[in-house]
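> First, the structure itself, so that you have it in front of you.
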Amino acid sequence: MIHTKEVRALLLILALAGWQPKEGQKLIGTRAPEWRGLEWISGGPLTLAGLRGKVVLIRFWAMGCSLCATTAPELQELSDKYGERGLVVIGIHHPKSSDAHDRKKAAQVARELGMRFPIAHDDDWKTLRAYGFGTHFQSSSSISILIDREGVIRFVHDGGEFHRGGDADHRECNAAYEAVVQAIEKALGRPSK
């Protein structure tokens, strides 16, 4: 379990990066729940327990979500950049419409978005709800959660997009991206030489 001083330090780092989550802060420092009811459509099956010792970045996403599509290239870039140091990026698709329950279509959309990391399908939103959608998160279901090597939640991006670049209207997206990168680097520790 994370100590209160560590939570404050992390929130200070996020504030200095110019971005903080508006929702889900209470999850930081808690043990991440095991995934429930997932069907792996690429790169699995995986369990959180089986990934112990790795840093895990989960991105909950949905077909047709423009915010998810905008963030997808950044997720793949993070996977490529930090994978050798122990980061595992996981996409968890949760259908938001009746036609989005098609697993083959979800896998196709993930490929079209350039997601080469493992993708699971959360048909009944069991994992999404276990991570606080409807409790800790009200405004969005395109949430990202960073879990450390011991299975403790260290960072929450409470929805929407994060990326680098764009015009002045994307200042918050850029700051959120920098906060994600800082949290990943902190969770991974120093690079091995």
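By order in the structure tokens, chains are A, B, ...; within a chain, residues start at 1; ligands start at 1, following the order shown.
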Return as a VMD selection string the full set of residues in stretch 1-192 of chain A whose backbone-based DSSP assignment is strand (DSSP E or B).
chain A and resid 31 39 to 42 55 to 61 87 to 93 119 to 121 133 137 144 to 147 152 to 157
> Give me the residues near A:Glu84 as a VMD selection string, where near means some atom within 12 Å (using only C-alpha atoms) and where sequence neighbours in that chain fewer than 2 positions away do not count.
chain A and resid 54 to 55 78 to 82 86 to 89 188 191 to 192
> For the residues selected in the previous step, produce a file with N, CA and C atoms as a PDB file, in the first residue's frame.

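This went into out-v7.pdb:
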ATOM      1  N   LYS A  54       5.877  -6.583 -13.677  1.00  0.00           N
ATOM      2  CA  LYS A  54       5.833  -5.663 -14.815  1.00  0.00           C
ATOM      3  C   LYS A  54       5.037  -4.425 -14.405  1.00  0.00           C
ATOM      4  N   VAL A  55       5.257  -3.331 -15.114  1.00  0.00           N
ATOM      5  CA  VAL A  55       4.418  -2.141 -14.967  1.00  0.00           C
ATOM      6  C   VAL A  55       3.360  -2.244 -16.063  1.00  0.00           C
ATOM      7  N   LEU A  78       4.283   4.392 -26.460  1.00  0.00           N
ATOM      8  CA  LEU A  78       4.719   4.093 -25.091  1.00  0.00           C
ATOM      9  C   LEU A  78       5.088   2.620 -24.959  1.00  0.00           C
ATOM     10  N   SER A  79       4.289   1.750 -25.571  1.00  0.00           N
ATOM     11  CA  SER A  79       4.581   0.321 -25.544  1.00  0.00           C
ATOM     12  C   SER A  79       5.928   0.033 -26.205  1.00  0.00           C
ATOM     13  N   ASP A  80       6.152   0.647 -27.359  1.00  0.00           N
ATOM     14  CA  ASP A  80       7.414   0.445 -28.081  1.00  0.00           C
ATOM     15  C   ASP A  80       8.603   1.002 -27.297  1.00  0.00           C
ATOM     16  N   LYS A  81       8.433   2.172 -26.731  1.00  0.00           N
ATOM     17  CA  LYS A  81       9.538   2.852 -26.047  1.00  0.00           C
ATOM     18  C   LYS A  81       9.925   2.183 -24.734  1.00  0.00           C
ATOM     19  N   TYR A  82       8.932   1.738 -23.951  1.00  0.00           N
ATOM     20  CA  TYR A  82       9.202   1.246 -22.604  1.00  0.00           C
ATOM     21  C   TYR A  82       9.022  -0.255 -22.422  1.00  0.00           C
ATOM     22  N   GLY A  86       9.996  -3.121 -19.180  1.00  0.00           N
ATOM     23  CA  GLY A  86       9.017  -3.773 -18.333  1.00  0.00           C
ATOM     24  C   GLY A  86       7.615  -3.212 -18.367  1.00  0.00           C
ATOM     25  N   LEU A  87       7.317  -2.292 -19.302  1.00  0.00           N
ATOM     26  CA  LEU A  87       5.954  -1.775 -19.427  1.00  0.00           C
ATOM     27  C   LEU A  87       5.152  -2.686 -20.340  1.00  0.00           C
ATOM     28  N   VAL A  88       3.951  -3.034 -19.910  1.00  0.00           N
ATOM     29  CA  VAL A  88       3.009  -3.782 -20.736  1.00  0.00           C
ATOM     30  C   VAL A  88       1.763  -2.917 -20.890  1.00  0.00           C
ATOM     31  N   VAL A  89       1.445  -2.535 -22.124  1.00  0.00           N
ATOM     32  CA  VAL A  89       0.232  -1.764 -22.405  1.00  0.00           C
ATOM     33  C   VAL A  89      -0.854  -2.756 -22.774  1.00  0.00           C
ATOM     34  N   LEU A 188       8.792   2.560 -13.511  1.00  0.00           N
ATOM     35  CA  LEU A 188       9.817   1.680 -14.053  1.00  0.00           C
ATOM     36  C   LEU A 188      11.153   1.834 -13.334  1.00  0.00           C
ATOM     37  N   PRO A 191      16.584   3.367 -15.906  1.00  0.00           N
ATOM     38  CA  PRO A 191      16.839   2.407 -16.981  1.00  0.00           C
ATOM     39  C   PRO A 191      18.067   1.553 -16.665  1.00  0.00           C
ATOM     40  N   SER A 192      17.984   0.288 -17.059  1.00  0.00           N
ATOM     41  CA  SER A 192      19.130  -0.594 -16.848  1.00  0.00           C
ATOM     42  C   SER A 192      20.240  -0.230 -17.825  1.00  0.00           C
TER      43      SER A 192
END
> Which residues come within 12 Å of A:Arg111, counting only C-alpha atoms, excluding same-chain residues fewer than 2 positions away, as a ChimeraX atom specification?
/A:41-42,63,69,72-73,76,91,104-109,113-119
> Residues as selected, C-alpha atoms, written as a PDB file, in the first residue's frame, can you do that?

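Result file follows (again.pdb):
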ATOM      1  CA  ILE A  41      -9.031 -10.843 -28.956  1.00  0.00           C
ATOM      2  CA  SER A  42      -5.271 -10.413 -29.471  1.00  0.00           C
ATOM      3  CA  MET A  63     -15.014   1.593 -31.087  1.00  0.00           C
ATOM      4  CA  ALA A  69      -8.521   6.895 -31.663  1.00  0.00           C
ATOM      5  CA  ALA A  72      -4.038   5.020 -29.701  1.00  0.00           C
ATOM      6  CA  PRO A  73      -0.785   6.050 -31.477  1.00  0.00           C
ATOM      7  CA  GLN A  76       1.634   2.153 -29.090  1.00  0.00           C
ATOM      8  CA  GLY A  91      -6.224  -2.225 -24.323  1.00  0.00           C
ATOM      9  CA  LYS A 104     -13.840  -9.504 -34.706  1.00  0.00           C
ATOM     10  CA  LYS A 105     -14.814  -5.935 -35.525  1.00  0.00           C
ATOM     11  CA  ALA A 106     -13.172  -4.699 -32.285  1.00  0.00           C
ATOM     12  CA  ALA A 107      -9.981  -6.552 -33.232  1.00  0.00           C
ATOM     13  CA  GLN A 108     -10.116  -5.026 -36.717  1.00  0.00           C
ATOM     14  CA  VAL A 109     -10.577  -1.505 -35.326  1.00  0.00           C
ATOM     15  CA  LEU A 113      -5.756   2.231 -34.914  1.00  0.00           C
ATOM     16  CA  GLY A 114      -2.272   0.699 -34.817  1.00  0.00           C
ATOM     17  CA  MET A 115      -2.713  -1.081 -31.487  1.00  0.00           C
ATOM     18  CA  ARG A 116      -0.201  -3.932 -31.592  1.00  0.00           C
ATOM     19  CA  PHE A 117      -0.326  -4.522 -27.846  1.00  0.00           C
ATOM     20  CA  PRO A 118      -2.686  -7.066 -26.192  1.00  0.00           C
ATOM     21  CA  ILE A 119      -6.401  -6.296 -26.530  1.00  0.00           C
TER      22      ILE A 119
END
> Select, from A:Arg149, A:His94, A:Arg164, A:His101, the residue with the minimum atom-to-atom distance to A:Ala120, counting only C-alpha atoms.
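Ranked by minimum distance to A:Ala120, first place goes to A:His94.
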> Need the shell around A:Val180: protein/DNA/RNA residues with any atom at most 10 Å away, counting only C-alpha atoms. Skip same-chain ones fewer than 4 positions apart. Format as an mmCIF file with N, CA and C atoms, in the first residue's frame?

data_model
loop_
_atom_site.group_PDB
_atom_site.id
_atom_site.type_symbol
_atom_site.label_atom_id
_atom_site.label_comp_id
_atom_site.auth_asym_id
_atom_site.auth_seq_id
_atom_site.Cartn_x
_atom_site.Cartn_y
_atom_site.Cartn_z
ATOM 1 N N LEU A 14 2.313 15.561 -10.755
ATOM 2 C CA LEU A 14 1.290 15.753 -11.778
ATOM 3 C C LEU A 14 0.925 17.222 -11.920
ATOM 4 N N ALA A 17 3.470 18.999 -13.822
ATOM 5 C CA ALA A 17 3.356 18.668 -15.243
ATOM 6 C C ALA A 17 2.206 19.438 -15.885
ATOM 7 N N TRP A 19 -1.040 18.980 -15.180
ATOM 8 C CA TRP A 19 -2.237 18.167 -15.349
ATOM 9 C C TRP A 19 -2.479 17.312 -14.109
ATOM 10 N N LEU A 57 0.034 -0.586 -18.073
ATOM 11 C CA LEU A 57 -0.807 0.554 -18.420
ATOM 12 C C LEU A 57 -2.046 0.020 -19.121
ATOM 13 N N LEU A 78 4.283 4.392 -26.460
ATOM 14 C CA LEU A 78 4.719 4.093 -25.091
ATOM 15 C C LEU A 78 5.088 2.620 -24.959
ATOM 16 N N SER A 144 -7.431 5.524 -18.338
ATOM 17 C CA SER A 144 -6.151 4.826 -18.336
ATOM 18 C C SER A 144 -5.680 4.692 -16.890
ATOM 19 N N ILE A 145 -5.163 3.517 -16.570
ATOM 20 C CA ILE A 145 -4.704 3.196 -15.216
ATOM 21 C C ILE A 145 -3.290 2.627 -15.318
ATOM 22 N N LEU A 146 -2.371 3.148 -14.495
ATOM 23 C CA LEU A 146 -1.009 2.624 -14.448
ATOM 24 C C LEU A 146 -0.827 1.859 -13.143
ATOM 25 N N PHE A 155 -1.154 5.659 -11.034
ATOM 26 C CA PHE A 155 -1.543 6.800 -11.863
ATOM 27 C C PHE A 155 -2.910 6.538 -12.462
ATOM 28 N N VAL A 156 -3.676 7.602 -12.602
ATOM 29 C CA VAL A 156 -4.996 7.533 -13.222
ATOM 30 C C VAL A 156 -5.122 8.677 -14.226
ATOM 31 N N HIS A 157 -5.474 8.337 -15.445
ATOM 32 C CA HIS A 157 -5.906 9.352 -16.418
ATOM 33 C C HIS A 157 -7.405 9.151 -16.543
ATOM 34 N N PHE A 162 -4.942 11.830 -24.468
ATOM 35 C CA PHE A 162 -3.641 12.403 -24.129
ATOM 36 C C PHE A 162 -2.707 12.132 -25.293
ATOM 37 N N HIS A 163 -1.929 13.128 -25.642
ATOM 38 C CA HIS A 163 -1.002 13.019 -26.766
ATOM 39 C C HIS A 163 -0.090 14.230 -26.783
ATOM 40 N N ASN A 174 -1.580 17.558 -24.023
ATOM 41 C CA ASN A 174 -0.122 17.477 -23.962
ATOM 42 C C ASN A 174 0.362 17.329 -22.528
ATOM 43 N N ALA A 175 -0.233 18.102 -21.620
ATOM 44 C CA ALA A 175 0.150 18.024 -20.205
ATOM 45 C C ALA A 175 -0.197 16.651 -19.638
ATOM 46 N N ALA A 176 -1.341 16.108 -20.032
ATOM 47 C CA ALA A 176 -1.727 14.774 -19.566
ATOM 48 C C ALA A 176 -0.745 13.732 -20.083
ATOM 49 N N ILE A 184 5.011 6.673 -15.742
ATOM 50 C CA ILE A 184 5.612 5.430 -16.250
ATOM 51 C C ILE A 184 7.084 5.365 -15.858
ATOM 52 N N GLU A 185 7.804 6.449 -16.097
ATOM 53 C CA GLU A 185 9.229 6.462 -15.772
ATOM 54 C C GLU A 185 9.471 6.261 -14.284
ATOM 55 N N LYS A 186 8.632 6.867 -13.461
ATOM 56 C CA LYS A 186 8.768 6.692 -12.008
ATOM 57 C C LYS A 186 8.488 5.231 -11.620
#
> Hey, which bits of stretch 87-143 of chain A sit within 9 Å of stretch 26-34 of chain A, and for each residue what's the closest pair of atoms and how far apart in Å (one decimal), counting only C-alpha atoms, rows by chain and increasing number, as JSON lines?

{"residue": "A:Thr127", "atom": "CA", "partner": "A:Glu34", "partner_atom": "CA", "distance": 7.9}
{"residue": "A:Ala130", "atom": "CA", "partner": "A:Pro33", "partner_atom": "CA", "distance": 6.5}
{"residue": "A:Tyr131", "atom": "CA", "partner": "A:Pro33", "partner_atom": "CA", "distance": 6.9}
{"residue": "A:Gly132", "atom": "CA", "partner": "A:Leu27", "partner_atom": "CA", "distance": 8.3}
{"residue": "A:His136", "atom": "CA", "partner": "A:Lys26", "partner_atom": "CA", "distance": 7.6}
> May I ask for the distance between atom CA of A:Ser66 and atom CA of A:Trp40, given in Å to one decimal place?
22.7 Å
> For A:Ser141, find every residue with an atom within 12 Å (counting only C-alpha atoms), except residues of its own chain fewer than 4 positions away, and show them as a tab-separated table (two decimals) with N, CA and C atoms, in the first residue's frame.

chain	number	residue	atom	x	y	z
A	23	GLU	N	-11.08	13.00	-11.58
A	23	GLU	CA	-11.76	11.86	-10.96
A	23	GLU	C	-10.77	10.72	-10.77
A	24	GLY	N	-11.07	9.84	-9.84
A	24	GLY	CA	-10.30	8.62	-9.66
A	24	GLY	C	-9.07	8.71	-8.79
A	59	ARG	N	-5.65	0.78	-20.88
A	59	ARG	CA	-6.46	1.82	-21.52
A	59	ARG	C	-7.81	1.20	-21.86
A	60	PHE	N	-8.87	1.69	-21.23
A	60	PHE	CA	-10.22	1.28	-21.57
A	60	PHE	C	-10.63	2.11	-22.79
A	61	TRP	N	-11.12	1.44	-23.82
A	61	TRP	CA	-11.45	2.14	-25.06
A	61	TRP	C	-12.68	1.54	-25.69
A	62	ALA	N	-13.26	2.27	-26.65
A	62	ALA	CA	-14.46	1.82	-27.35
A	62	ALA	C	-14.35	2.16	-28.82
A	63	MET	N	-14.94	1.30	-29.65
A	63	MET	CA	-15.01	1.59	-31.09
A	63	MET	C	-15.83	2.87	-31.28
A	65	CYS	N	-14.94	5.85	-30.67
A	65	CYS	CA	-14.56	6.91	-29.73
A	65	CYS	C	-13.39	7.70	-30.34
A	67	LEU	N	-11.72	10.14	-29.07
A	67	LEU	CA	-10.67	10.36	-28.06
A	67	LEU	C	-9.76	9.13	-27.95
A	68	CYS	N	-10.37	7.96	-28.06
A	68	CYS	CA	-9.60	6.71	-28.02
A	68	CYS	C	-8.72	6.60	-29.26
A	92	ILE	N	-8.36	-2.50	-23.22
A	92	ILE	CA	-9.57	-3.24	-22.85
A	92	ILE	C	-10.76	-2.55	-23.52
A	93	HIS	N	-11.29	-3.21	-24.54
A	93	HIS	CA	-12.43	-2.68	-25.29
A	93	HIS	C	-13.72	-2.96	-24.52
A	94	HIS	N	-14.54	-1.95	-24.41
A	94	HIS	CA	-15.87	-2.13	-23.80
A	94	HIS	C	-16.91	-1.56	-24.77
A	95	PRO	N	-17.83	-2.40	-25.22
A	95	PRO	CA	-18.80	-1.95	-26.21
A	95	PRO	C	-19.77	-0.92	-25.64
A	96	LYS	N	-20.02	0.13	-26.43
A	96	LYS	CA	-20.94	1.17	-26.00
A	96	LYS	C	-22.21	1.19	-26.84
A	125	TRP	N	-18.66	-5.18	-19.16
A	125	TRP	CA	-18.05	-4.08	-18.39
A	125	TRP	C	-17.66	-4.50	-16.97
A	127	THR	N	-14.74	-5.63	-15.82
A	127	THR	CA	-13.45	-5.06	-15.43
A	127	THR	C	-13.53	-3.55	-15.35
A	128	LEU	N	-14.19	-2.92	-16.31
A	128	LEU	CA	-14.36	-1.47	-16.28
A	128	LEU	C	-15.00	-1.03	-14.96
A	129	ARG	N	-16.03	-1.72	-14.54
A	129	ARG	CA	-16.70	-1.37	-13.28
A	129	ARG	C	-15.82	-1.69	-12.07
A	131	TYR	N	-12.76	-1.29	-11.89
A	131	TYR	CA	-11.81	-0.18	-11.79
A	131	TYR	C	-12.48	1.15	-11.50
A	132	GLY	N	-13.76	1.14	-11.21
A	132	GLY	CA	-14.41	2.34	-10.69
A	132	GLY	C	-15.31	3.10	-11.62
A	133	PHE	N	-15.58	2.60	-12.84
A	133	PHE	CA	-16.51	3.34	-13.69
A	133	PHE	C	-17.89	3.28	-13.04
A	134	GLY	N	-18.49	4.44	-12.87
A	134	GLY	CA	-19.78	4.54	-12.19
A	134	GLY	C	-19.62	4.85	-10.71
A	135	THR	N	-18.42	4.67	-10.16
A	135	THR	CA	-18.15	4.99	-8.76
A	135	THR	C	-17.14	6.12	-8.66
A	136	HIS	N	-15.92	5.87	-9.12
A	136	HIS	CA	-14.86	6.87	-9.09
A	136	HIS	C	-14.81	7.72	-10.35
A	137	PHE	N	-15.39	7.21	-11.44
A	137	PHE	CA	-15.38	7.90	-12.73
A	137	PHE	C	-16.82	8.03	-13.21
A	145	ILE	N	-5.16	3.52	-16.57
A	145	ILE	CA	-4.70	3.20	-15.22
A	145	ILE	C	-3.29	2.63	-15.32
A	157	HIS	N	-5.47	8.34	-15.45
A	157	HIS	CA	-5.91	9.35	-16.42
A	157	HIS	C	-7.41	9.15	-16.54
A	158	ASP	N	-8.16	10.14	-16.12
A	158	ASP	CA	-9.59	9.97	-15.92
A	158	ASP	C	-10.44	10.10	-17.16
A	159	GLY	N	-9.85	9.95	-18.30
A	159	GLY	CA	-10.65	9.89	-19.51
A	159	GLY	C	-10.29	10.96	-20.52
A	160	GLY	N	-10.78	10.75	-21.71
A	160	GLY	CA	-10.46	11.66	-22.78
A	160	GLY	C	-9.18	11.25	-23.47
A	161	GLU	N	-8.50	12.23	-24.06
A	161	GLU	CA	-7.31	11.92	-24.83
A	161	GLU	C	-6.06	12.45	-24.15
> Would you work out the distance separating atom CA of A:Asp148 from atom CA of A:Gly165, expressed in Å to one decimal?
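Atom CA of A:Gly165 lies 27.4 Å from atom CA of A:Asp148.
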> Point out the residue among A:Glu74, A:Asp99, A:Ala187, A:Gly83 with the least atom-to-atom distance to A:Glu150, counting only C-alpha atoms.
A:Ala187
> When you count only C-alpha atoms, which of these residues is closest to A:Ser142: A:Gln25, A:Gln20, A:Thr71, A:Thr47?
A:Thr71
> Between atom CA of A:Leu51 and atom CA of A:Val181, what is the distance, to one decimal in Å?
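So the two atoms, atom CA of A:Leu51 and atom CA of A:Val181, lie 20.0 Å apart.
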